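**Q** input.txt is reproduced below (compact mmCIF, C-alpha atoms and all ligand atoms).
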```
# COMPACT_ATOMS: atom_id res chain seq x y z
CA MET A 674 -14.07 -7.01 -13.11
CA ALA A 675 -10.97 -8.56 -11.63
CA ASP A 676 -10.95 -9.13 -7.91
CA THR A 677 -7.87 -8.37 -5.81
CA ASP A 678 -5.25 -10.82 -7.01
CA HIS A 679 -1.53 -11.28 -7.35
CA GLN A 680 0.00 -11.18 -10.80
CA HIS A 681 3.61 -10.70 -11.80
CA GLY A 682 4.47 -10.11 -8.15
CA HIS A 683 2.23 -7.01 -7.92
CA ARG A 684 -0.91 -6.68 -5.94
CA HIS A 685 -3.61 -5.65 -8.41
CA ARG A 686 -6.61 -3.94 -6.96
CA ARG A 687 -10.17 -4.22 -8.02
CA GLY A 688 -10.76 -1.44 -10.49
CA HIS A 689 -7.29 -1.64 -11.97
CA GLY A 690 -6.99 -3.31 -15.31
CA THR A 691 -8.79 -2.85 -18.57
CA GLY A 692 -12.30 -1.58 -19.17
CA PRO A 693 -14.05 1.60 -18.12
CA MET A 694 -11.93 1.97 -14.95
CA HIS A 695 -8.94 2.50 -17.26
CA ASP A 696 -10.71 4.93 -19.53
CA PRO A 697 -11.62 8.09 -17.61
CA LYS A 698 -13.28 9.76 -20.59
CA GLY A 699 -15.41 6.70 -21.34
CA TYR A 700 -16.29 6.25 -17.68
CA GLU A 701 -17.25 9.91 -17.35
CA ARG A 702 -19.60 9.59 -20.31
CA LEU A 703 -21.11 6.37 -18.94
CA SER A 704 -21.53 7.69 -15.42
CA ALA A 705 -23.13 10.92 -16.68
CA ARG A 706 -25.89 8.70 -18.07
CA LEU A 707 -26.11 6.25 -15.20
CA ALA A 708 -25.08 7.98 -11.99
CA THR A 709 -26.10 11.64 -12.21
CA ARG A 710 -29.05 11.10 -9.86
CA LEU A 711 -26.69 9.58 -7.30
CA TYR A 712 -24.23 12.48 -7.57
CA ARG A 713 -27.09 14.95 -7.07
CA ARG A 714 -28.31 13.00 -4.08
CA VAL A 715 -24.87 12.98 -2.43
CA ALA A 716 -24.31 16.69 -3.11
CA ARG A 717 -27.73 17.45 -1.62
CA ASP A 718 -26.94 15.35 1.45
CA VAL A 719 -23.76 17.41 1.92
CA THR A 720 -25.45 20.80 1.45
CA ASP A 721 -28.27 19.77 3.83
CA LEU A 722 -25.65 19.62 6.60
CA ARG A 723 -25.16 23.42 6.27
CA LEU A 724 -21.52 23.14 7.25
CA PRO A 725 -19.72 26.37 8.13
CA ALA A 726 -17.43 27.94 5.52
CA GLY A 727 -14.02 26.33 5.44
CA SER A 728 -15.34 22.86 6.38
CA ARG A 729 -13.55 20.04 4.62
CA VAL A 730 -15.05 17.25 2.53
CA LEU A 731 -13.22 14.25 1.05
CA ASP A 732 -14.47 12.10 -1.85
CA VAL A 733 -12.85 8.64 -1.93
CA GLY A 734 -12.59 6.79 -5.25
CA THR A 735 -13.63 9.91 -7.16
CA GLY A 736 -13.10 8.51 -10.68
CA PRO A 737 -13.33 11.38 -13.19
CA GLY A 738 -14.16 13.85 -10.40
CA THR A 739 -17.77 14.68 -11.22
CA LEU A 740 -19.00 14.40 -7.64
CA PRO A 741 -16.48 16.75 -5.95
CA ARG A 742 -17.13 19.37 -8.62
CA LEU A 743 -20.86 19.15 -7.94
CA ILE A 744 -20.35 19.33 -4.17
CA ALA A 745 -18.13 22.42 -4.52
CA ALA A 746 -20.68 24.08 -6.80
CA SER A 747 -23.60 23.26 -4.47
CA ALA A 748 -21.88 24.37 -1.26
CA PRO A 749 -19.68 27.39 -2.02
CA GLY A 750 -17.97 27.55 1.39
CA LEU A 751 -16.55 24.05 1.40
CA GLN A 752 -13.02 22.87 0.71
CA VAL A 753 -13.20 19.59 -1.24
CA ASP A 754 -10.47 16.97 -1.64
CA ALA A 755 -10.84 13.95 -3.87
CA VAL A 756 -8.67 10.84 -4.14
CA ASP A 757 -8.46 7.91 -6.50
CA VAL A 758 -6.01 5.04 -6.60
CA ALA A 759 -5.86 5.26 -10.42
CA PRO A 760 -3.46 7.99 -11.60
CA GLU A 761 -5.21 8.20 -14.97
CA MET A 762 -8.50 9.10 -13.26
CA ILE A 763 -6.85 11.86 -11.25
CA ALA A 764 -4.99 13.17 -14.32
CA TRP A 765 -8.31 13.35 -16.16
CA ALA A 766 -10.11 15.00 -13.23
CA GLN A 767 -7.36 17.62 -12.89
CA GLN A 768 -7.94 18.80 -16.46
CA THR A 769 -11.10 20.54 -15.25
CA GLU A 770 -9.80 23.13 -12.83
CA THR A 771 -12.39 23.80 -10.18
CA PRO A 772 -12.00 26.34 -7.38
CA ARG A 773 -11.81 24.69 -3.93
CA VAL A 774 -11.37 21.17 -5.35
CA THR A 775 -8.02 19.35 -5.05
CA TYR A 776 -7.30 15.94 -6.55
CA THR A 777 -4.72 13.49 -5.19
CA VAL A 778 -3.68 9.96 -6.18
CA ALA A 779 -4.12 7.80 -3.07
CA ASP A 780 -5.42 4.46 -1.92
CA VAL A 781 -8.30 4.47 0.55
CA GLU A 782 -6.11 2.27 2.75
CA SER A 783 -3.48 4.99 3.07
CA LEU A 784 -4.93 8.48 2.95
CA PRO A 785 -2.31 11.25 3.00
CA TRP A 786 -3.87 13.36 5.78
CA PRO A 787 -3.45 13.47 9.54
CA ASP A 788 -6.08 12.11 11.89
CA ALA A 789 -9.29 14.12 12.26
CA THR A 790 -8.93 16.25 9.09
CA PHE A 791 -12.39 16.06 7.49
CA ASP A 792 -15.92 17.02 8.49
CA VAL A 793 -17.45 14.72 5.88
CA VAL A 794 -16.11 11.85 3.81
CA VAL A 795 -18.17 10.59 0.88
CA SER A 796 -17.63 7.73 -1.51
CA SER A 797 -19.85 6.65 -4.39
CA LEU A 798 -19.74 3.29 -6.17
CA SER A 799 -16.09 2.79 -5.23
CA GLN A 800 -16.19 0.59 -2.14
CA HIS A 801 -16.92 -2.59 -4.13
CA HIS A 802 -13.50 -2.11 -5.79
CA TRP A 803 -11.47 -1.82 -2.61
CA GLY A 804 -9.10 -4.67 -1.91
CA ASP A 805 -9.73 -4.58 1.85
CA ALA A 806 -13.01 -2.95 2.84
CA ALA A 807 -12.26 -3.08 6.57
CA ALA A 808 -8.91 -1.31 6.12
CA GLY A 809 -10.54 1.32 3.89
CA LEU A 810 -13.28 2.05 6.42
CA ARG A 811 -10.75 2.28 9.27
CA GLU A 812 -8.71 4.78 7.30
CA ILE A 813 -11.77 6.86 6.46
CA ARG A 814 -12.72 6.83 10.14
CA ARG A 815 -9.20 7.93 11.09
CA VAL A 816 -9.40 11.12 9.00
CA LEU A 817 -12.87 12.06 10.33
CA ARG A 818 -13.09 14.80 12.93
CA PRO A 819 -15.08 14.15 16.09
CA GLY A 820 -18.68 14.97 15.14
CA GLY A 821 -17.90 14.27 11.48
CA GLN A 822 -19.46 11.58 9.34
CA ALA A 823 -18.67 9.36 6.40
CA TRP A 824 -21.19 8.16 3.83
CA VAL A 825 -20.21 5.22 1.68
CA TYR A 826 -22.76 4.76 -1.12
CA ASP A 827 -22.65 1.48 -2.98
CA PHE A 828 -24.59 -1.56 -4.09
CA GLY A 829 -26.30 -3.62 -1.41
CA TRP A 830 -24.08 -6.70 -1.68
CA ALA A 831 -20.92 -4.63 -1.31
CA LEU A 832 -22.16 -2.70 1.70
CA ALA A 833 -23.39 -5.89 3.37
CA GLU A 834 -19.86 -7.27 3.13
CA ALA A 835 -18.23 -4.01 4.27
CA GLY A 836 -20.81 -3.53 7.03
CA SER A 837 -19.89 -6.92 8.49
CA THR A 838 -16.35 -5.60 9.17
CA THR A 839 -17.27 -2.48 11.13
CA SER A 840 -16.54 -4.07 14.51
CA THR A 841 -12.87 -3.33 13.71
CA LEU A 842 -13.53 0.43 13.72
CA ALA A 843 -12.58 2.71 16.60
CA PRO A 844 -15.12 2.22 19.41
CA THR A 845 -16.00 5.92 19.17
CA THR A 846 -17.77 5.20 15.87
CA ASP A 847 -21.53 4.85 15.40
CA VAL A 848 -22.41 2.82 12.33
CA THR A 849 -25.71 2.77 10.45
CA HIS A 850 -26.44 0.77 7.34
CA GLU A 851 -29.21 2.28 5.20
CA ARG A 852 -30.04 -0.48 2.75
CA SER A 853 -31.73 1.56 0.05
CA VAL A 854 -31.35 5.30 -0.35
CA LEU A 855 -31.76 5.50 -4.12
CA ARG A 856 -32.99 3.22 -6.91
CA MET A 857 -30.49 3.88 -9.71
CA TRP A 858 -31.76 1.71 -12.48
CA TRP A 859 -34.77 -0.55 -12.49
CA PHE A 860 -32.81 -3.44 -10.97
CA PHE A 861 -30.16 -1.74 -8.76
CA SER A 862 -30.64 0.09 -5.58
CA VAL A 863 -27.86 1.92 -3.80
CA GLY A 864 -27.44 1.87 -0.04
CA ARG A 865 -25.35 3.91 2.33
CA LEU A 866 -23.05 2.97 5.16
CA VAL A 867 -22.86 5.84 7.64
CA LEU A 868 -19.97 6.20 10.09
CA ARG A 869 -20.34 8.88 12.75
CA ALA A 870 -17.28 9.85 14.74
CA ARG A 871 -17.91 10.73 18.39
C1 LIG A 901 -16.98 2.78 -10.41
S1 LIG A 901 -15.76 4.04 -10.15
C2 LIG A 901 -16.69 5.26 -9.24
C3 LIG A 901 -16.21 6.62 -9.52
C4 LIG A 901 -17.04 7.75 -8.91
N1 LIG A 901 -16.99 7.75 -7.46
C5 LIG A 901 -18.46 7.66 -9.39
O1 LIG A 901 -19.36 7.52 -8.54
O2 LIG A 901 -18.68 7.73 -10.60
C6 LIG A 901 -14.73 3.38 -8.86
C7 LIG A 901 -13.49 4.22 -8.61
O3 LIG A 901 -12.89 3.78 -7.39
C8 LIG A 901 -11.48 3.82 -7.57
N2 LIG A 901 -10.83 2.92 -6.59
C9 LIG A 901 -10.80 1.57 -6.62
N3 LIG A 901 -10.10 1.09 -5.59
C10 LIG A 901 -9.69 2.16 -4.86
C11 LIG A 901 -8.90 2.30 -3.68
N4 LIG A 901 -8.42 1.23 -3.06
N5 LIG A 901 -8.65 3.55 -3.23
C12 LIG A 901 -9.12 4.64 -3.88
N6 LIG A 901 -9.87 4.56 -5.03
C13 LIG A 901 -10.15 3.34 -5.51
C14 LIG A 901 -11.29 3.36 -9.00
O4 LIG A 901 -10.01 3.71 -9.51
C15 LIG A 901 -12.44 4.07 -9.69
O5 LIG A 901 -12.08 5.33 -10.20
```
Rewrite the coordinates I just gave you, this time as C-alpha cells.

**A**
Amino acid sequence: MADTDHQHGHRHRRGHGTGPMHDPKGYERLSARLATRLYRRVARDVTDLRLPAGSRVLDVGTGPGTLPRLIAASAPGLQVDAVDVAPEMIAWAQQTETPRVTYTVADVESLPWPDATFDVVVSSLSQHHWGDAAAGLREIRRVLRPGGQAWVYDFGWALAEAGSTTSTLAPTTDVTHERSVLRMWWFFSVGRLVLRAR
C-alpha cells in the first residue's frame, strides 16, 4: 500500500489509490471474513460502557460502515457518526440506511465537529493509513468530551508509532497502550491505544 507521498502536485494519503481501499464492495466482503471478530469486540466494548441514551459515538476510518451499524444495533440509545476520507467508501456505506447512523466524508486530521462533541471515538484498522498519526490523534482528542475516551484499534507496529507521538496531545489526556486485545489471524494481533479526556 502506498505511503503518504506527493504525486502530480496532490498529497495522496495512505489508503487512497488502487486495491481494496478503492473497492468498497470488495473490502466489505474481505473484512466480513477477516475482521468480524474485531467489530464484535469493539461493539461489545462500547455497550459495556452503558452510556446514557443520546450519547454520541464516532467511528473514524469507517470503510464500508460495518462497525457503526453494529454499534447502533448493539446499543439502541446511541447516536453514531462515522467518517472516512474516501468518498467512495462513504457512498457505499450510505446505501444501507441505518437508524441513528450518519456517514460523512472527512479526514481524521480535520473532523467537522466542534470541540468536546463525542463520548466515545473508535477506529479500527484505519490508523496505519493516516498520513500524520499525531495530527489524527490530536483531532480525535479535540472532539472528545471531558470524561470521554477514544479507542484506536490497529496492528502493533502502527500503534507503537502512533503511541510515540502522544506527548503532543492536550495535557488533560491519559494515554494507555494495550498491546494485544485480540488475535485476529494466527499471525496478527490487534492492540488498542486508549485516550481518556479529563
Ligand atoms: C483498512 S480500512 C478499515 C475500515 C474499517 N474501519 C474496518 O475496520 O474494516 C481503512 C479505512 O481508513 C480510511 N482512511 C485512511 N486514511 C484516513 C484518514 N486520514 N481519515 C479518515 N479515514 C481514513 C480508508 O479510506 C479506509 O476506508

**Q** Check which residues fall inside 8 Å of ligand LIG 901 (chain A) when counting only C-alpha atoms and all ligand atoms, and print them as a PDB file with C-alpha atoms, in the frame of the given file.

**A**
```pdb
ATOM      1  CA  ARG A 686      -6.610  -3.940  -6.960  1.00  0.00           C
ATOM      2  CA  ARG A 687     -10.170  -4.220  -8.020  1.00  0.00           C
ATOM      3  CA  GLY A 688     -10.760  -1.440 -10.490  1.00  0.00           C
ATOM      4  CA  HIS A 689      -7.290  -1.640 -11.970  1.00  0.00           C
ATOM      5  CA  MET A 694     -11.930   1.970 -14.950  1.00  0.00           C
ATOM      6  CA  HIS A 695      -8.940   2.500 -17.260  1.00  0.00           C
ATOM      7  CA  PRO A 697     -11.620   8.090 -17.610  1.00  0.00           C
ATOM      8  CA  TYR A 700     -16.290   6.250 -17.680  1.00  0.00           C
ATOM      9  CA  GLU A 701     -17.250   9.910 -17.350  1.00  0.00           C
ATOM     10  CA  SER A 704     -21.530   7.690 -15.420  1.00  0.00           C
ATOM     11  CA  ALA A 708     -25.080   7.980 -11.990  1.00  0.00           C
ATOM     12  CA  LEU A 711     -26.690   9.580  -7.300  1.00  0.00           C
ATOM     13  CA  TYR A 712     -24.230  12.480  -7.570  1.00  0.00           C
ATOM     14  CA  ASP A 732     -14.470  12.100  -1.850  1.00  0.00           C
ATOM     15  CA  VAL A 733     -12.850   8.640  -1.930  1.00  0.00           C
ATOM     16  CA  GLY A 734     -12.590   6.790  -5.250  1.00  0.00           C
ATOM     17  CA  THR A 735     -13.630   9.910  -7.160  1.00  0.00           C
ATOM     18  CA  GLY A 736     -13.100   8.510 -10.680  1.00  0.00           C
ATOM     19  CA  PRO A 737     -13.330  11.380 -13.190  1.00  0.00           C
ATOM     20  CA  GLY A 738     -14.160  13.850 -10.400  1.00  0.00           C
ATOM     21  CA  THR A 739     -17.770  14.680 -11.220  1.00  0.00           C
ATOM     22  CA  LEU A 740     -19.000  14.400  -7.640  1.00  0.00           C
ATOM     23  CA  VAL A 756      -8.670  10.840  -4.140  1.00  0.00           C
ATOM     24  CA  ASP A 757      -8.460   7.910  -6.500  1.00  0.00           C
ATOM     25  CA  VAL A 758      -6.010   5.040  -6.600  1.00  0.00           C
ATOM     26  CA  ALA A 759      -5.860   5.260 -10.420  1.00  0.00           C
ATOM     27  CA  MET A 762      -8.500   9.100 -13.260  1.00  0.00           C
ATOM     28  CA  VAL A 778      -3.680   9.960  -6.180  1.00  0.00           C
ATOM     29  CA  ALA A 779      -4.120   7.800  -3.070  1.00  0.00           C
ATOM     30  CA  ASP A 780      -5.420   4.460  -1.920  1.00  0.00           C
ATOM     31  CA  VAL A 781      -8.300   4.470   0.550  1.00  0.00           C
ATOM     32  CA  GLU A 782      -6.110   2.270   2.750  1.00  0.00           C
ATOM     33  CA  SER A 796     -17.630   7.730  -1.510  1.00  0.00           C
ATOM     34  CA  SER A 797     -19.850   6.650  -4.390  1.00  0.00           C
ATOM     35  CA  LEU A 798     -19.740   3.290  -6.170  1.00  0.00           C
ATOM     36  CA  SER A 799     -16.090   2.790  -5.230  1.00  0.00           C
ATOM     37  CA  GLN A 800     -16.190   0.590  -2.140  1.00  0.00           C
ATOM     38  CA  HIS A 801     -16.920  -2.590  -4.130  1.00  0.00           C
ATOM     39  CA  HIS A 802     -13.500  -2.110  -5.790  1.00  0.00           C
ATOM     40  CA  TRP A 803     -11.470  -1.820  -2.610  1.00  0.00           C
ATOM     41  CA  GLY A 804      -9.100  -4.670  -1.910  1.00  0.00           C
ATOM     42  CA  ASP A 805      -9.730  -4.580   1.850  1.00  0.00           C
ATOM     43  CA  GLY A 809     -10.540   1.320   3.890  1.00  0.00           C
TER      44      GLY A 809
END
```

**Q** If I take atom CA of A:Val719 and atom CA of A:Ile744, how far is one from the other in Å, to one decimal?

**A** 7.2 Å

**Q** When you draw a straight line from atom CA of A:Pro785 to atom CA of A:Ser840, how long is it in Å?

**A**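 Atom CA of A:Ser840 lies at a distance of 23.9 Å from atom CA of A:Pro785.
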
**Q** Go through A:Thr846, A:Gln752, A:Ser862, A:Thr769 one by one, measure the shortest atom-to-atom distance of each to A:Gly829 using all atoms listed in the file, and give the residue with the smallest value.

**A**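 Once distances to A:Gly829 are computed over all atoms listed in the file, the minimum belongs to A:Ser862.
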
**Q** Could you tell me how far atom CA of A:Leu810 sits from atom CA of A:Leu722, in Å to one decimal place?

**A**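 Atom CA of A:Leu810 lies at a distance of 21.5 Å from atom CA of A:Leu722.
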
**Q** Quick one: residues within 8 Å of A:Arg815, only C-alpha atoms counted, chain neighbours fewer than 3 positions away excluded, as a list in words?

**A**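 Non-adjacent residues within range: Asp788, Ala789, Arg811 and Glu812 of chain A.
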
**Q** A:Arg865: which residues within 7 Å, counting all atoms listed in the file, same-chain residues fewer than 3 positions away excluded, as a PDB file with C-alpha atoms, keeping the file's coordinate frame?

**A**
```pdb
ATOM      1  CA  TRP A 824     -21.190   8.160   3.830  1.00  0.00           C
ATOM      2  CA  VAL A 825     -20.210   5.220   1.680  1.00  0.00           C
ATOM      3  CA  TYR A 826     -22.760   4.760  -1.120  1.00  0.00           C
ATOM      4  CA  ASP A 827     -22.650   1.480  -2.980  1.00  0.00           C
ATOM      5  CA  HIS A 850     -26.440   0.770   7.340  1.00  0.00           C
ATOM      6  CA  GLU A 851     -29.210   2.280   5.200  1.00  0.00           C
ATOM      7  CA  ARG A 852     -30.040  -0.480   2.750  1.00  0.00           C
ATOM      8  CA  VAL A 854     -31.350   5.300  -0.350  1.00  0.00           C
TER       9      VAL A 854
END
```

**Q** May I ask which of the residues A:Leu866, A:Gly820, A:Arg742, A:Ala748 is the closest one to A:Arg717, counting all atoms listed in the file?

**A**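 Once distances to A:Arg717 are computed over all atoms listed in the file, the minimum belongs to A:Ala748.
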
**Q** Pick out the closest residue to A:Ala745 from this set: A:Arg723, A:Arg773, A:Arg729, A:Arg702. Count all atoms listed in the file.

**A**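 Closest candidate: A:Arg773.
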